[in-house]
Amino acid sequence: MPPEPLRAAPWGLITGGSSGIGLALAEALLRRGCQVVIIGRDAARLSQTAASLSGLGDVEALALDVREGQDVAAAMGALVARRGAPDWLVTSAGLAIPGRFLDQPLGEHVAQWEANYLGTLHVVHALAPAMARAGRGQIILISSAAALGAFCGYSAYAPSKWAVRGLGDILALELGAHGVRVLTAFPPDTDTPQLAEERTRRPAFTRRFAAGNTALSPAFVAGRILAAADRGRRHVAPGPGAAWLLLAGRPWARYLEAVQRRLLRRHPEDSR
């Protein structure tokens with residue numbers, strides 16, 4: 001096995017790093033003195049983002065579709081050969097398409113599974129061995145508050161984020177034995193381009209249930225995530241609502257399910 005390259009500075013890789021939570025985490029890591037590699041599918045957008053971040057430190061943009069496992073494995077292998085094992089790995093790339101189960105085509109279920117779970121799995125599977133060999137590193141998996149309870153309108157989205165949660169819990173045990181820490185984050189609505197698009201697709205019931213929710217800023221969410229990582233936590237849910245879901249567990253989730261049932265009884269038109 002070839003020796004690991006000499007390390008000039010810690011570095012982190014962030015999927016979905018051109019916008020939203022991923023971008024906010026890239027900014028935060030750069031401010032900590034890390035070199036950062038941001039990954040996304042849109043090469044032009046990535047280049048613009050890298051240019052906007054360049055004043056904060058060393059940024060590399062890598063256009064890559066994380067749904068393509070073989071491409072990911074090859075690209076990650078090349079990165080490790082050049083940079084060594086990452087100190088930070090953040091999987092923030094994802095897709096959210098809400099809809100009623102009876103209306104939503106199967107293809108939208110598959111698309112979200114591929115982007116949210118397989119996209120996460122491909123990157124972590126490619127980089128975890130190098131991190132384990134190095135005996136260090138922090139992995140941050142971006143799940144969702146939708147993986148803390150049952151929310152109507154997200155039958156195609158939430159299962160992929162529950163899967164990320166399950167992966168994170170298991171990896172925290174397995175990789176922890178090798179000195180690699182794993183944190184799973186459960187952000188609620190966050191003011192990102194993805195949320196803006198998602199809101200245009202929400203069914204009437206989901207809009208009603210979410211009425212009054214204030215989206216968190218990506219910078220706030222990123223700050224809470226990194227603070228939890230610094231404390232060696234396994235889970236973090238930024239914002240009071242998501243935090244209650246995480247801390248109270250199933251009883252609080254059952255309460256929210258009861259609220260939704262009452263809303264459905266009052267507005268039966270939403271379920272048709």
# chains A, B, ... in the order shown; residues from 1 in each chain; ligands from 1
>>> closest_atom_pairs(of="segment 91-143 of chain A", to="segment 185-197 of chain A", cutoff="9 Å", atoms="only C-alpha atoms", output="tab-separated table")
residue	atom	partner	partner_atom	distance
A:Gly94	CA	A:Gln194	CA	8.8
A:Leu95	CA	A:Gln194	CA	7.5
A:Ala96	CA	A:Gln194	CA	7.2
A:Ile97	CA	A:Glu197	CA	8.5
A:Ile140	CA	A:Ala185	CA	7.1
A:Leu141	CA	A:Ala185	CA	6.2
A:Ile142	CA	A:Ala185	CA	5.0
A:Ser143	CA	A:Phe186	CA	5.1
>>> residues_around(residues="Cys152 of chain A", least_positions_apart="6", cutoff="8 Å", atoms="only C-alpha atoms", output="JSON, numbers by chain")
{"A": [100, 205, 206, 260]}
>>> residues_around(residues="segment 34-41 of chain A", least_positions_apart="2", cutoff="10 Å", atoms="only C-alpha atoms", output="PyMOL selection string")
chain A and resi 8-19+22-23+25-32+43-47+49-50+53+56-66+79+86-93
>>> write_last_selection(atoms="C-alpha atoms", output="mmCIF file, in the first residue's frame")
data_model
loop_
_atom_site.group_PDB
_atom_site.id
_atom_site.type_symbol
_atom_site.label_atom_id
_atom_site.label_comp_id
_atom_site.auth_asym_id
_atom_site.auth_seq_id
_atom_site.Cartn_x
_atom_site.Cartn_y
_atom_site.Cartn_z
ATOM 1 C CA ALA A 8 -0.061 20.506 4.233
ATOM 2 C CA ALA A 9 -3.382 21.277 5.944
ATOM 3 C CA PRO A 10 -6.574 19.529 6.994
ATOM 4 C CA TRP A 11 -9.089 19.186 4.216
ATOM 5 C CA GLY A 12 -12.752 18.437 3.856
ATOM 6 C CA LEU A 13 -15.007 17.188 1.093
ATOM 7 C CA ILE A 14 -18.589 18.433 0.839
ATOM 8 C CA THR A 15 -21.189 17.068 -1.550
ATOM 9 C CA GLY A 16 -23.888 19.555 -2.453
ATOM 10 C CA GLY A 17 -21.370 22.247 -1.607
ATOM 11 C CA SER A 18 -22.533 24.849 -4.107
ATOM 12 C CA SER A 19 -25.636 25.964 -2.185
ATOM 13 C CA GLY A 22 -23.381 22.397 2.094
ATOM 14 C CA LEU A 23 -22.194 25.852 1.058
ATOM 15 C CA LEU A 25 -20.474 24.271 5.927
ATOM 16 C CA ALA A 26 -17.848 24.896 3.244
ATOM 17 C CA GLU A 27 -17.586 28.526 4.376
ATOM 18 C CA ALA A 28 -17.323 27.493 8.023
ATOM 19 C CA LEU A 29 -14.593 24.923 7.386
ATOM 20 C CA LEU A 30 -12.613 27.387 5.290
ATOM 21 C CA ARG A 31 -12.763 29.859 8.171
ATOM 22 C CA ARG A 32 -11.269 27.126 10.357
ATOM 23 C CA ALA A 43 -19.876 22.521 -13.299
ATOM 24 C CA ALA A 44 -20.591 26.184 -14.068
ATOM 25 C CA ARG A 45 -22.353 26.762 -10.761
ATOM 26 C CA LEU A 46 -19.565 24.978 -8.896
ATOM 27 C CA SER A 47 -16.937 27.183 -10.514
ATOM 28 C CA THR A 49 -19.209 29.072 -5.978
ATOM 29 C CA ALA A 50 -15.522 28.186 -5.742
ATOM 30 C CA LEU A 53 -15.237 31.224 -1.658
ATOM 31 C CA LEU A 56 -11.588 32.420 2.450
ATOM 32 C CA GLY A 57 -9.003 29.802 1.539
ATOM 33 C CA ASP A 58 -8.121 26.881 -0.716
ATOM 34 C CA VAL A 59 -11.206 25.647 -2.601
ATOM 35 C CA GLU A 60 -11.406 22.982 -5.283
ATOM 36 C CA ALA A 61 -14.541 22.355 -7.349
ATOM 37 C CA LEU A 62 -15.266 18.847 -8.606
ATOM 38 C CA ALA A 63 -18.210 18.236 -10.933
ATOM 39 C CA LEU A 64 -19.575 14.783 -10.114
ATOM 40 C CA ASP A 65 -22.923 12.997 -9.964
ATOM 41 C CA VAL A 66 -22.917 11.165 -6.633
ATOM 42 C CA LEU A 79 -8.507 12.613 -4.385
ATOM 43 C CA PRO A 86 -10.097 13.713 4.392
ATOM 44 C CA ASP A 87 -10.395 15.188 7.861
ATOM 45 C CA TRP A 88 -14.011 16.134 7.158
ATOM 46 C CA LEU A 89 -16.565 14.433 4.941
ATOM 47 C CA VAL A 90 -19.986 16.056 4.591
ATOM 48 C CA THR A 91 -22.746 14.490 2.492
ATOM 49 C CA SER A 92 -25.192 17.313 1.808
ATOM 50 C CA ALA A 93 -26.260 16.574 -1.773
#
>>> atom_distance(atom1="atom CA of Glu114 of chain A", atom2="atom CA of Ser160 of chain A")
8.3 Å
>>> select_by_dssp(residues="segment 14-206 of chain A", states="alpha helix (DSSP H)", output="PDB file with C-alpha atoms, in the first residue's frame")
ATOM      1  CA  GLY A  20     -27.606  25.743   1.037  1.00  0.00           C
ATOM      2  CA  ILE A  21     -26.294  23.855   4.046  1.00  0.00           C
ATOM      3  CA  GLY A  22     -23.381  22.397   2.094  1.00  0.00           C
ATOM      4  CA  LEU A  23     -22.194  25.852   1.058  1.00  0.00           C
ATOM      5  CA  ALA A  24     -22.550  27.175   4.614  1.00  0.00           C
ATOM      6  CA  LEU A  25     -20.474  24.271   5.927  1.00  0.00           C
ATOM      7  CA  ALA A  26     -17.848  24.896   3.244  1.00  0.00           C
ATOM      8  CA  GLU A  27     -17.586  28.526   4.376  1.00  0.00           C
ATOM      9  CA  ALA A  28     -17.323  27.493   8.023  1.00  0.00           C
ATOM     10  CA  LEU A  29     -14.593  24.923   7.386  1.00  0.00           C
ATOM     11  CA  LEU A  30     -12.613  27.387   5.290  1.00  0.00           C
ATOM     12  CA  ARG A  31     -12.763  29.859   8.171  1.00  0.00           C
ATOM     13  CA  ALA A  43     -19.876  22.521 -13.299  1.00  0.00           C
ATOM     14  CA  ALA A  44     -20.591  26.184 -14.068  1.00  0.00           C
ATOM     15  CA  ARG A  45     -22.353  26.762 -10.761  1.00  0.00           C
ATOM     16  CA  LEU A  46     -19.565  24.978  -8.896  1.00  0.00           C
ATOM     17  CA  SER A  47     -16.937  27.183 -10.514  1.00  0.00           C
ATOM     18  CA  GLN A  48     -18.871  30.306  -9.548  1.00  0.00           C
ATOM     19  CA  THR A  49     -19.209  29.072  -5.978  1.00  0.00           C
ATOM     20  CA  ALA A  50     -15.522  28.186  -5.742  1.00  0.00           C
ATOM     21  CA  ALA A  51     -14.611  31.650  -7.012  1.00  0.00           C
ATOM     22  CA  SER A  52     -16.875  33.274  -4.420  1.00  0.00           C
ATOM     23  CA  LEU A  53     -15.237  31.224  -1.658  1.00  0.00           C
ATOM     24  CA  GLY A  69     -21.147   4.767  -7.932  1.00  0.00           C
ATOM     25  CA  GLN A  70     -18.291   3.881 -10.277  1.00  0.00           C
ATOM     26  CA  ASP A  71     -17.594   7.526 -11.092  1.00  0.00           C
ATOM     27  CA  VAL A  72     -17.601   8.384  -7.399  1.00  0.00           C
ATOM     28  CA  ALA A  73     -15.203   5.558  -6.531  1.00  0.00           C
ATOM     29  CA  ALA A  74     -12.747   6.643  -9.225  1.00  0.00           C
ATOM     30  CA  ALA A  75     -12.894  10.323  -8.285  1.00  0.00           C
ATOM     31  CA  MET A  76     -12.530   9.660  -4.558  1.00  0.00           C
ATOM     32  CA  GLY A  77      -9.610   7.328  -5.163  1.00  0.00           C
ATOM     33  CA  ALA A  78      -7.838  10.056  -7.120  1.00  0.00           C
ATOM     34  CA  LEU A  79      -8.507  12.613  -4.385  1.00  0.00           C
ATOM     35  CA  VAL A  80      -7.134  10.361  -1.652  1.00  0.00           C
ATOM     36  CA  ALA A  81      -4.043   9.595  -3.732  1.00  0.00           C
ATOM     37  CA  ARG A  82      -3.415  13.322  -4.089  1.00  0.00           C
ATOM     38  CA  ARG A  83      -4.560  14.710  -0.748  1.00  0.00           C
ATOM     39  CA  LEU A 106     -42.801   5.681  -8.709  1.00  0.00           C
ATOM     40  CA  GLY A 107     -39.987   7.421 -10.546  1.00  0.00           C
ATOM     41  CA  GLU A 108     -39.961  10.226  -7.973  1.00  0.00           C
ATOM     42  CA  HIS A 109     -39.516   7.677  -5.181  1.00  0.00           C
ATOM     43  CA  VAL A 110     -36.592   6.124  -7.046  1.00  0.00           C
ATOM     44  CA  ALA A 111     -35.016   9.492  -7.877  1.00  0.00           C
ATOM     45  CA  GLN A 112     -34.959  10.572  -4.238  1.00  0.00           C
ATOM     46  CA  GLY A 119     -25.537   9.377  -3.244  1.00  0.00           C
ATOM     47  CA  THR A 120     -24.541   9.396   0.418  1.00  0.00           C
ATOM     48  CA  LEU A 121     -23.572   5.729   0.436  1.00  0.00           C
ATOM     49  CA  HIS A 122     -21.370   5.957  -2.658  1.00  0.00           C
ATOM     50  CA  VAL A 123     -19.228   8.764  -1.245  1.00  0.00           C
ATOM     51  CA  VAL A 124     -18.920   7.366   2.272  1.00  0.00           C
ATOM     52  CA  HIS A 125     -18.166   3.861   0.984  1.00  0.00           C
ATOM     53  CA  ALA A 126     -15.398   5.267  -1.217  1.00  0.00           C
ATOM     54  CA  LEU A 127     -13.717   7.385   1.487  1.00  0.00           C
ATOM     55  CA  ALA A 128     -14.330   5.571   4.779  1.00  0.00           C
ATOM     56  CA  PRO A 129     -11.567   2.970   4.237  1.00  0.00           C
ATOM     57  CA  ALA A 130      -8.919   5.685   3.858  1.00  0.00           C
ATOM     58  CA  MET A 131     -10.245   7.520   6.917  1.00  0.00           C
ATOM     59  CA  ALA A 132     -10.216   4.300   8.941  1.00  0.00           C
ATOM     60  CA  ARG A 133      -6.636   3.563   7.883  1.00  0.00           C
ATOM     61  CA  ALA A 134      -5.632   7.073   8.907  1.00  0.00           C
ATOM     62  CA  ALA A 158     -38.489  10.567   4.105  1.00  0.00           C
ATOM     63  CA  PRO A 159     -37.585   6.870   3.631  1.00  0.00           C
ATOM     64  CA  SER A 160     -34.327   7.874   1.943  1.00  0.00           C
ATOM     65  CA  LYS A 161     -33.496  10.120   4.898  1.00  0.00           C
ATOM     66  CA  TRP A 162     -34.462   7.427   7.421  1.00  0.00           C
ATOM     67  CA  ALA A 163     -31.986   5.210   5.580  1.00  0.00           C
ATOM     68  CA  VAL A 164     -29.277   7.860   5.979  1.00  0.00           C
ATOM     69  CA  ARG A 165     -30.098   7.939   9.695  1.00  0.00           C
ATOM     70  CA  GLY A 166     -29.729   4.167   9.954  1.00  0.00           C
ATOM     71  CA  LEU A 167     -26.458   4.227   8.055  1.00  0.00           C
ATOM     72  CA  GLY A 168     -25.100   6.945  10.322  1.00  0.00           C
ATOM     73  CA  ASP A 169     -26.008   5.128  13.530  1.00  0.00           C
ATOM     74  CA  ILE A 170     -24.285   1.945  12.390  1.00  0.00           C
ATOM     75  CA  LEU A 171     -21.205   3.716  11.033  1.00  0.00           C
ATOM     76  CA  ALA A 172     -20.845   5.629  14.302  1.00  0.00           C
ATOM     77  CA  LEU A 173     -20.283   2.262  15.953  1.00  0.00           C
ATOM     78  CA  GLU A 174     -18.221   0.548  13.274  1.00  0.00           C
ATOM     79  CA  PRO A 193     -32.910  26.987  -3.122  1.00  0.00           C
ATOM     80  CA  GLN A 194     -34.075  23.404  -2.641  1.00  0.00           C
ATOM     81  CA  LEU A 195     -36.679  24.455  -0.063  1.00  0.00           C
ATOM     82  CA  ALA A 196     -37.983  27.162  -2.395  1.00  0.00           C
ATOM     83  CA  GLU A 197     -38.504  24.551  -5.111  1.00  0.00           C
ATOM     84  CA  GLU A 198     -39.904  22.008  -2.660  1.00  0.00           C
ATOM     85  CA  ARG A 199     -42.563  24.419  -1.409  1.00  0.00           C
ATOM     86  CA  ALA A 204     -52.369  21.262   0.273  1.00  0.00           C
ATOM     87  CA  PHE A 205     -52.280  19.318   3.531  1.00  0.00           C
ATOM     88  CA  THR A 206     -48.525  19.651   3.872  1.00  0.00           C
TER      89      THR A 206
END
>>> atom_distance(atom1="atom CA of Val236 of chain A", atom2="atom CA of Asn116 of chain A")
18.2 Å
>>> closest_residue(among="A:Ala211, A:Ala228, A:Ile139, A:Ala243", to="Ala85 of chain A", atoms="only C-alpha atoms")
A:Ile139
>>> select_by_dssp(residues="segment 113-189 of chain A", states="strand (DSSP E)", output="list in words")
Gln138, Ile139, Ile140, Leu141, Ile142, Arg181, Val182, Leu183, Thr184 and Ala185 of chain A
>>> write_last_selection(atoms="N, CA and C atoms", output="PDB file, in the first residue's frame")
ATOM      1  N   GLN A 138     -13.859  13.158  10.630  1.00  0.00           N
ATOM      2  CA  GLN A 138     -15.246  13.407  11.028  1.00  0.00           C
ATOM      3  C   GLN A 138     -16.131  13.290   9.795  1.00  0.00           C
ATOM      4  N   ILE A 139     -17.116  12.402   9.860  1.00  0.00           N
ATOM      5  CA  ILE A 139     -18.124  12.276   8.808  1.00  0.00           C
ATOM      6  C   ILE A 139     -19.406  12.933   9.309  1.00  0.00           C
ATOM      7  N   ILE A 140     -20.013  13.762   8.462  1.00  0.00           N
ATOM      8  CA  ILE A 140     -21.291  14.398   8.778  1.00  0.00           C
ATOM      9  C   ILE A 140     -22.280  14.024   7.688  1.00  0.00           C
ATOM     10  N   LEU A 141     -23.307  13.287   8.074  1.00  0.00           N
ATOM     11  CA  LEU A 141     -24.356  12.890   7.142  1.00  0.00           C
ATOM     12  C   LEU A 141     -25.549  13.815   7.342  1.00  0.00           C
ATOM     13  N   ILE A 142     -25.991  14.465   6.280  1.00  0.00           N
ATOM     14  CA  ILE A 142     -27.155  15.341   6.374  1.00  0.00           C
ATOM     15  C   ILE A 142     -28.400  14.512   6.085  1.00  0.00           C
ATOM     16  N   ARG A 181     -15.195   9.642  13.639  1.00  0.00           N
ATOM     17  CA  ARG A 181     -16.465  10.016  14.258  1.00  0.00           C
ATOM     18  C   ARG A 181     -17.525  10.248  13.182  1.00  0.00           C
ATOM     19  N   VAL A 182     -18.763   9.905  13.516  1.00  0.00           N
ATOM     20  CA  VAL A 182     -19.877  10.057  12.574  1.00  0.00           C
ATOM     21  C   VAL A 182     -21.005  10.805  13.266  1.00  0.00           C
ATOM     22  N   LEU A 183     -21.434  11.882  12.656  1.00  0.00           N
ATOM     23  CA  LEU A 183     -22.538  12.702  13.152  1.00  0.00           C
ATOM     24  C   LEU A 183     -23.635  12.718  12.098  1.00  0.00           C
ATOM     25  N   THR A 184     -24.865  12.446  12.514  1.00  0.00           N
ATOM     26  CA  THR A 184     -26.012  12.562  11.613  1.00  0.00           C
ATOM     27  C   THR A 184     -26.808  13.796  12.003  1.00  0.00           C
ATOM     28  N   ALA A 185     -27.077  14.657  11.016  1.00  0.00           N
ATOM     29  CA  ALA A 185     -27.798  15.907  11.258  1.00  0.00           C
ATOM     30  C   ALA A 185     -29.214  15.801  10.708  1.00  0.00           C
TER      31      ALA A 185
END
>>> closest_residue(among="A:Ser54, A:Arg265, A:Phe151, A:Ala115", to="Arg202 of chain A", atoms="only C-alpha atoms")
A:Phe151
